[in-house]
Amino acid sequence: MKKEKAMELMKSFPELTDDDKRTIRATLKPFMIYDNHRCMAYCTHCENEIDYTFTEKHRKQVRCPLCGESATLIINYHSYNGSVVEDSKNIIIFLNNPETDYLYISCVRARLFFFHGDMSPKINLDEVQRYIFTEKSAVRYGKDYYWSREENVKNRFYYYVKHHYSGWIPRTKLTEPNFDNGYRCGYDVILNMQNINNTCMKHSALDIYPGKSIISYLKFYQKHHGAERLLKSGGNVCTVVKEIIESSYRSYNVDWTQTEPHKMLGISKDVMRAVRNGRISLYDYNYIIKELPEVKNLNDLIEYKKIVGYSIGSLDTACEYTNEDRITIIKYLRRHSIKLYDYVDYLRTAHGVNYNTRDKQVKFPRDFCKMHDRVEEIRQTIEKTIKAKEQEEKRKKFDEQYKKRKKLEFTFGEYIIRQPTTIEEIVAEGQALSHCVGGYVDRHASGKLTIMFLRKKSEPDKPYYTIEVSNDYKIVQCRGYKNNWVSNGGTEKPQEIIDLENRPIEVAVAEPSNEQIAKIRAEAEAAAKAEYESKLSAEKEKVQSIAYTSPKGDETAVIKHYFSEIQRQMNEAVELIGKNENKEKLKAAFSRLLDECRKIVSEI
């Protein structure tokens, strides 16, 4: 509609009468305003002042002595500072003009104010939008606002102020009313709907429309008068009209050229009766007839829809497992009262434990519950076996890594750092300190990282801090109770723990404990002694071989041989003296030395 014609129509829009305003005010919540100094009360429902004494407390429910209406008691001197909005309603009121057959709709926002010390409240009625419906067109009107530029002299900046102009201008779109509350269709009450009977929209059957988008429906009715016949069909057929107008995901192919409702919807009279009686919705009927076109019986279709629902994909999964058609499976489920989800779950489990789901005894068991429990028991047994095997492999890897990690155990001041002895100990550590080290078990067992326990020497078995060490011997993190998040109930990290966390782990490992030093020293001394004994034994064997060898050659060579023997015997004697050996051994050594000297004398 052109703007000029719309502005001309606006001139015929009726204003709200006093009766209309009273009707609007009656929709607001009733209050009893009480002045406890004068023992006077004012009822907002019957609008009368009453000499009465109330003993109830502020904001308690009381009953008006005159009209008997239940109201909320408000003591007008009770903690008020300025005005307070106690109740508000978004109202749509239908109006008509006797001079025209147009439908006029006014959207009013009603608010009830209380002021400090006042006996009567202030009620503000603010018209936010207007609508005019003619026989073939409709217009929405909004208030005409203009903006003025104001200056803040003190702070030297400009701002714009929104001013209200009493006129109304047409809007471009015919949308649902917006009461400035952030969303459309936000009305609470519809008043004077009977006024539609004197307008061109009297046959729209708006009073039986089940939705809230009344403007959208009236606009739809102007284009498709057959919507009235569908609404008057009764039952759940009314929902079809609502879904056509308001639903964005449900679509219907309606033939608006037809006059009979079932022909408009493209269904038979039997289906129409089923939809009207609520046995099946039109959307569900269209859905199931599309998926199961071979089923012609309506009762079967309704039952099949209850079984399948919208899970056609699950039904097709069952067909793949069993190599059967949809109808055969549905009949089996219907006969044994089995849910489709449970059946697909059973087939999936049976296939997982190597059952032949195409075997008749497996896919269509006589006792489904018993067969389902048996298959589930087998699955759980297999799962436990696999988990036990995985756990055993994990423990084996854990033990292999345990030997390699012994070098990472050391002491640090008042603390000891050791590795966990079992997988369960890591889980217990996480539970005791309320952090997530339990999730590191697999990576620790496989050697991707290392978990170490930091304990106090005074409490070696009590979890204190947990350390994660990388494979290049760097401390990745060191966490205590609740990850040391103080805001979550954890404790702050001590300075000595921070020093350890910032320290390379290989440096800490390079500082052995006193026990480790003693052990290393003992191993070194044992190795040196064994090497000495081995060399001494070899030398003795060599000496013995020389002693039993007769000297050969001329006189000079023989004398050299004996002198070498004397030198060897002398060295042996000196070595025995250095070892503080007993006198008997020293005597034997010098005796051998004298024997060698005699041999030389005899040879010369």
# chains A, B, ... in the order shown; residues from 1 in each chain; ligands from 1
>>> select_by_dssp(residues="segment 430-476 of chain A", states="alpha helix (DSSP H)", output="tab-separated table (two decimals) with C-alpha atoms, in the first residue's frame")
chain	number	residue	atom	x	y	z
A	430	GLY	CA	46.08	-37.98	41.72
A	431	GLN	CA	43.11	-38.77	43.95
A	432	ALA	CA	44.95	-37.67	47.11
A	433	LEU	CA	46.19	-34.38	45.62
A	441	VAL	CA	49.56	-43.53	33.52
A	442	ASP	CA	49.73	-44.80	29.94
A	443	ARG	CA	52.42	-42.33	28.88
A	444	HIS	CA	54.46	-43.06	32.00
A	445	ALA	CA	54.24	-46.83	31.44
A	446	SER	CA	55.26	-46.52	27.77
>>> closest_residue(among="A:Leu16, A:Tyr187, A:Asp595, A:Asp118", to="Ser88 of chain A", atoms="only C-alpha atoms")
A:Tyr187
>>> residues_around(residues="Pro30 of chain A", least_positions_apart="4", cutoff="8 Å", atoms="only C-alpha atoms", output="PDB file with N, CA, C and O atoms, in the first residue's frame")
ATOM      1  N   CYS A  43      -7.490   0.358  47.195  1.00  0.00           N
ATOM      2  CA  CYS A  43      -7.481  -0.857  46.373  1.00  0.00           C
ATOM      3  C   CYS A  43      -7.414  -0.456  44.908  1.00  0.00           C
ATOM      4  O   CYS A  43      -8.290   0.275  44.413  1.00  0.00           O
ATOM      5  N   THR A  44      -6.396  -0.948  44.202  1.00  0.00           N
ATOM      6  CA  THR A  44      -6.247  -0.616  42.782  1.00  0.00           C
ATOM      7  C   THR A  44      -7.241  -1.361  41.914  1.00  0.00           C
ATOM      8  O   THR A  44      -7.429  -1.008  40.751  1.00  0.00           O
ATOM      9  N   HIS A  45      -7.900  -2.388  42.461  1.00  0.00           N
ATOM     10  CA  HIS A  45      -8.844  -3.158  41.661  1.00  0.00           C
ATOM     11  C   HIS A  45     -10.205  -2.462  41.614  1.00  0.00           C
ATOM     12  O   HIS A  45     -10.768  -2.230  40.536  1.00  0.00           O
ATOM     13  N   GLU A  69     -11.235  -8.882  46.370  1.00  0.00           N
ATOM     14  CA  GLU A  69     -10.151  -9.297  45.484  1.00  0.00           C
ATOM     15  C   GLU A  69      -8.862  -9.497  46.294  1.00  0.00           C
ATOM     16  O   GLU A  69      -8.539  -8.707  47.199  1.00  0.00           O
ATOM     17  N   SER A  70      -8.121 -10.548  45.979  1.00  0.00           N
ATOM     18  CA  SER A  70      -6.821 -10.787  46.607  1.00  0.00           C
ATOM     19  C   SER A  70      -5.797  -9.838  46.007  1.00  0.00           C
ATOM     20  O   SER A  70      -5.678  -9.731  44.778  1.00  0.00           O
ATOM     21  N   ALA A  71      -5.046  -9.131  46.854  1.00  0.00           N
ATOM     22  CA  ALA A  71      -4.104  -8.114  46.389  1.00  0.00           C
ATOM     23  C   ALA A  71      -2.831  -8.180  47.211  1.00  0.00           C
ATOM     24  O   ALA A  71      -2.785  -8.780  48.294  1.00  0.00           O
ATOM     25  N   THR A  72      -1.777  -7.544  46.688  1.00  0.00           N
ATOM     26  CA  THR A  72      -0.491  -7.463  47.380  1.00  0.00           C
ATOM     27  C   THR A  72      -0.447  -6.182  48.194  1.00  0.00           C
ATOM     28  O   THR A  72      -0.684  -5.089  47.671  1.00  0.00           O
TER      29      THR A  72
END
>>> residues_around(residues="Glu414 of chain A", least_positions_apart="5", cutoff="12 Å", atoms="only C-alpha atoms", output="list in words")
Leu454, Arg455, Lys456, Lys457, Ser458, Glu459, Pro460, Glu496, Ile497 and Leu500 of chain A
>>> write_last_selection(atoms="N, CA and C atoms", output="mmCIF file, in the first residue's frame")
data_model
loop_
_atom_site.group_PDB
_atom_site.id
_atom_site.type_symbol
_atom_site.label_atom_id
_atom_site.label_comp_id
_atom_site.auth_asym_id
_atom_site.auth_seq_id
_atom_site.Cartn_x
_atom_site.Cartn_y
_atom_site.Cartn_z
ATOM 1 N N LEU A 454 57.480 -36.458 44.916
ATOM 2 C CA LEU A 454 58.284 -35.684 45.859
ATOM 3 C C LEU A 454 57.617 -35.812 47.228
ATOM 4 N N ARG A 455 58.351 -36.374 48.173
ATOM 5 C CA ARG A 455 57.813 -36.598 49.514
ATOM 6 C C ARG A 455 58.736 -35.990 50.566
ATOM 7 N N LYS A 456 58.140 -35.676 51.697
ATOM 8 C CA LYS A 456 58.951 -35.247 52.831
ATOM 9 C C LYS A 456 59.613 -36.466 53.470
ATOM 10 N N LYS A 457 60.864 -36.288 53.947
ATOM 11 C CA LYS A 457 61.560 -37.404 54.606
ATOM 12 C C LYS A 457 60.814 -37.845 55.863
ATOM 13 N N SER A 458 60.147 -36.876 56.513
ATOM 14 C CA SER A 458 59.403 -37.220 57.730
ATOM 15 C C SER A 458 58.113 -37.971 57.422
ATOM 16 N N GLU A 459 57.568 -37.810 56.178
ATOM 17 C CA GLU A 459 56.346 -38.502 55.777
ATOM 18 C C GLU A 459 56.538 -39.100 54.394
ATOM 19 N N PRO A 460 57.340 -40.144 54.272
ATOM 20 C CA PRO A 460 57.700 -40.665 52.938
ATOM 21 C C PRO A 460 56.539 -41.314 52.183
ATOM 22 N N GLU A 496 61.329 -23.598 48.221
ATOM 23 C CA GLU A 496 62.270 -24.685 47.936
ATOM 24 C C GLU A 496 61.751 -25.600 46.825
ATOM 25 N N ILE A 497 60.405 -25.726 46.710
ATOM 26 C CA ILE A 497 59.837 -26.516 45.621
ATOM 27 C C ILE A 497 60.004 -25.767 44.304
ATOM 28 N N LEU A 500 63.522 -26.281 43.164
ATOM 29 C CA LEU A 500 63.683 -27.601 42.553
ATOM 30 C C LEU A 500 63.078 -27.629 41.158
#
>>> residues_around(residues="Tyr481 of chain A", least_positions_apart="4", cutoff="10 Å", atoms="only C-alpha atoms", output="PyMOL selection string")
chain A and resi 430-435+463-466+485-486+489-493
>>> write_last_selection(atoms="all heavy atoms", output="compact mmCIF listing (two decimals), in the first residue's frame")
# COMPACT_ATOMS: atom_id res chain seq x y z
N GLY A 430 46.99 -38.98 42.28
CA GLY A 430 46.08 -37.98 41.72
C GLY A 430 44.83 -37.79 42.56
O GLY A 430 44.34 -36.68 42.73
N GLN A 431 44.30 -38.88 43.11
CA GLN A 431 43.11 -38.77 43.95
C GLN A 431 43.41 -38.05 45.26
O GLN A 431 42.60 -37.24 45.73
CB GLN A 431 42.56 -40.17 44.24
CG GLN A 431 42.00 -40.87 43.01
CD GLN A 431 41.61 -42.31 43.28
OE1 GLN A 431 41.93 -42.85 44.33
NE2 GLN A 431 40.93 -42.93 42.32
N ALA A 432 44.58 -38.30 45.84
CA ALA A 432 44.95 -37.67 47.11
C ALA A 432 45.21 -36.18 46.95
O ALA A 432 44.84 -35.38 47.82
CB ALA A 432 46.17 -38.37 47.71
N LEU A 433 45.84 -35.78 45.84
CA LEU A 433 46.19 -34.38 45.62
C LEU A 433 45.19 -33.64 44.75
O LEU A 433 45.39 -32.47 44.44
CB LEU A 433 47.59 -34.29 44.99
CG LEU A 433 48.74 -34.82 45.86
CD1 LEU A 433 50.07 -34.67 45.13
CD2 LEU A 433 48.80 -34.09 47.20
N SER A 434 44.13 -34.34 44.31
CA SER A 434 43.06 -33.70 43.50
C SER A 434 43.62 -33.05 42.25
O SER A 434 43.30 -31.90 41.93
CB SER A 434 42.29 -32.68 44.35
OG SER A 434 41.63 -33.32 45.40
N HIS A 435 44.47 -33.75 41.52
CA HIS A 435 44.89 -33.28 40.20
C HIS A 435 44.87 -34.45 39.22
O HIS A 435 44.47 -35.56 39.58
CB HIS A 435 46.26 -32.58 40.25
CG HIS A 435 47.38 -33.39 40.82
ND1 HIS A 435 47.61 -34.70 40.47
CD2 HIS A 435 48.35 -33.07 41.73
CE1 HIS A 435 48.65 -35.16 41.11
NE2 HIS A 435 49.12 -34.19 41.90
N PRO A 463 51.43 -38.40 49.97
CA PRO A 463 51.60 -37.58 48.76
C PRO A 463 51.75 -36.10 49.11
O PRO A 463 50.99 -35.55 49.91
CB PRO A 463 50.30 -37.84 47.98
CG PRO A 463 49.83 -39.16 48.47
CD PRO A 463 50.22 -39.25 49.90
N TYR A 464 52.75 -35.46 48.48
CA TYR A 464 53.02 -34.05 48.75
C TYR A 464 53.05 -33.26 47.44
O TYR A 464 52.26 -32.35 47.24
CB TYR A 464 54.33 -33.93 49.51
CG TYR A 464 54.65 -32.52 49.94
CD1 TYR A 464 53.72 -31.77 50.67
CD2 TYR A 464 55.87 -31.94 49.65
CE1 TYR A 464 54.00 -30.48 51.07
CE2 TYR A 464 56.17 -30.65 50.05
CZ TYR A 464 55.23 -29.91 50.76
OH TYR A 464 55.52 -28.64 51.15
N TYR A 465 53.97 -33.61 46.53
CA TYR A 465 54.05 -32.97 45.22
C TYR A 465 54.33 -34.04 44.16
O TYR A 465 54.97 -35.06 44.46
CB TYR A 465 55.15 -31.90 45.17
CG TYR A 465 54.67 -30.53 45.61
CD1 TYR A 465 54.58 -30.22 46.95
CD2 TYR A 465 54.31 -29.57 44.69
CE1 TYR A 465 54.13 -28.97 47.38
CE2 TYR A 465 53.86 -28.31 45.10
CZ TYR A 465 53.77 -28.03 46.44
OH TYR A 465 53.33 -26.80 46.85
N THR A 466 53.85 -33.80 42.95
CA THR A 466 54.05 -34.72 41.83
C THR A 466 54.84 -34.00 40.74
O THR A 466 54.52 -32.87 40.39
CB THR A 466 52.70 -35.19 41.27
OG1 THR A 466 51.88 -35.65 42.35
CG2 THR A 466 52.90 -36.33 40.29
N TRP A 485 46.23 -24.18 42.82
CA TRP A 485 45.33 -23.08 42.49
C TRP A 485 44.68 -22.60 43.79
O TRP A 485 43.74 -23.20 44.31
CB TRP A 485 44.25 -23.53 41.51
CG TRP A 485 44.82 -23.87 40.16
CD1 TRP A 485 45.98 -23.45 39.61
CD2 TRP A 485 44.22 -24.74 39.18
NE1 TRP A 485 46.17 -23.98 38.37
CE2 TRP A 485 45.10 -24.78 38.07
CE3 TRP A 485 43.05 -25.49 39.13
CZ2 TRP A 485 44.83 -25.53 36.94
CZ3 TRP A 485 42.78 -26.23 38.00
CH2 TRP A 485 43.67 -26.25 36.92
N VAL A 486 45.16 -21.49 44.28
CA VAL A 486 44.69 -20.97 45.57
C VAL A 486 43.20 -20.61 45.48
O VAL A 486 42.43 -20.81 46.41
CB VAL A 486 45.52 -19.74 45.98
CG1 VAL A 486 45.02 -19.17 47.30
CG2 VAL A 486 47.00 -20.12 46.09
N GLY A 489 41.04 -23.59 46.23
CA GLY A 489 41.24 -24.33 47.47
C GLY A 489 42.62 -24.93 47.62
O GLY A 489 42.90 -25.62 48.60
N GLY A 490 43.51 -24.70 46.64
CA GLY A 490 44.87 -25.22 46.73
C GLY A 490 45.75 -24.35 47.62
O GLY A 490 45.32 -23.35 48.21
N THR A 491 47.03 -24.76 47.75
CA THR A 491 47.99 -24.03 48.58
C THR A 491 49.10 -23.48 47.70
O THR A 491 49.41 -24.04 46.64
CB THR A 491 48.59 -24.96 49.64
OG1 THR A 491 49.19 -26.09 49.01
CG2 THR A 491 47.51 -25.44 50.61
N GLU A 492 49.71 -22.38 48.15
CA GLU A 492 50.81 -21.80 47.41
C GLU A 492 52.04 -22.70 47.47
O GLU A 492 52.27 -23.40 48.46
CB GLU A 492 51.14 -20.41 47.97
CG GLU A 492 50.06 -19.38 47.70
CD GLU A 492 50.51 -17.99 48.10
OE1 GLU A 492 51.68 -17.85 48.52
OE2 GLU A 492 49.70 -17.05 47.98
N LYS A 493 52.87 -22.65 46.44
CA LYS A 493 54.03 -23.52 46.33
C LYS A 493 55.19 -22.93 47.14
O LYS A 493 55.53 -21.76 46.97
CB LYS A 493 54.42 -23.66 44.86
CG LYS A 493 55.40 -24.78 44.56
CD LYS A 493 55.64 -24.89 43.07
CE LYS A 493 54.38 -25.27 42.31
NZ LYS A 493 54.63 -25.45 40.87
>>> residues_around(residues="Val344 of chain A", least_positions_apart="3", cutoff="6 Å", atoms="only C-alpha atoms", output="PyMOL selection string")
chain A and resi 318+341+347
>>> write_last_selection(atoms="N, CA, C and O atoms", output="PDB file, in the first residue's frame")
ATOM      1  N   ALA A 318      19.551 -51.585  10.978  1.00  0.00           N
ATOM      2  CA  ALA A 318      19.074 -52.933  11.293  1.00  0.00           C
ATOM      3  C   ALA A 318      18.902 -53.761  10.022  1.00  0.00           C
ATOM      4  O   ALA A 318      19.191 -54.964  10.009  1.00  0.00           O
ATOM      5  N   TYR A 341      15.642 -48.764  19.130  1.00  0.00           N
ATOM      6  CA  TYR A 341      16.988 -48.476  19.615  1.00  0.00           C
ATOM      7  C   TYR A 341      17.602 -49.705  20.294  1.00  0.00           C
ATOM      8  O   TYR A 341      18.776 -50.025  20.081  1.00  0.00           O
ATOM      9  N   LEU A 347      21.834 -55.861  17.800  1.00  0.00           N
ATOM     10  CA  LEU A 347      22.485 -56.323  16.572  1.00  0.00           C
ATOM     11  C   LEU A 347      23.932 -55.860  16.502  1.00  0.00           C
ATOM     12  O   LEU A 347      24.823 -56.615  16.093  1.00  0.00           O
TER      13      LEU A 347
END
>>> residues_around(residues="Ser12 of chain A", least_positions_apart="6", cutoff="9 Å", atoms="only C-alpha atoms", output="list in words")
Asn97, Glu99 and Thr100 of chain A
>>> closest_residue(among="A:Tyr287, A:Glu294, A:Lys2, A:Met32", to="Ile312 of chain A", atoms="only C-alpha atoms")
A:Tyr287
>>> atom_distance(atom1="atom CA of Tyr473 of chain A", atom2="atom CA of Gln495 of chain A")
21.3 Å
>>> atom_distance(atom1="atom CA of Asp325 of chain A", atom2="atom CA of Tyr283 of chain A")
23.9 Å
>>> closest_residue(among="A:Thr328, A:Thr134, A:Gln391, A:Asn48", to="Ser120 of chain A", atoms="only C-alpha atoms")
A:Asn48
>>> atom_distance(atom1="atom CA of Gln129 of chain A", atom2="atom CA of Cys107 of chain A")
5.2 Å
>>> select_by_dssp(residues="segment 327-503 of chain A", states="strand (DSSP E)", output="list in words")
Phe410, Thr411, Phe412, Tyr415, Ile416, Ile417, Arg418, Thr450, Ile451, Met452, Phe453, Leu454, Arg455, Lys456, Tyr465, Thr466, Ile467, Glu468, Val469, Ile475, Val476, Gln477, Cys478 and Arg479 of chain A
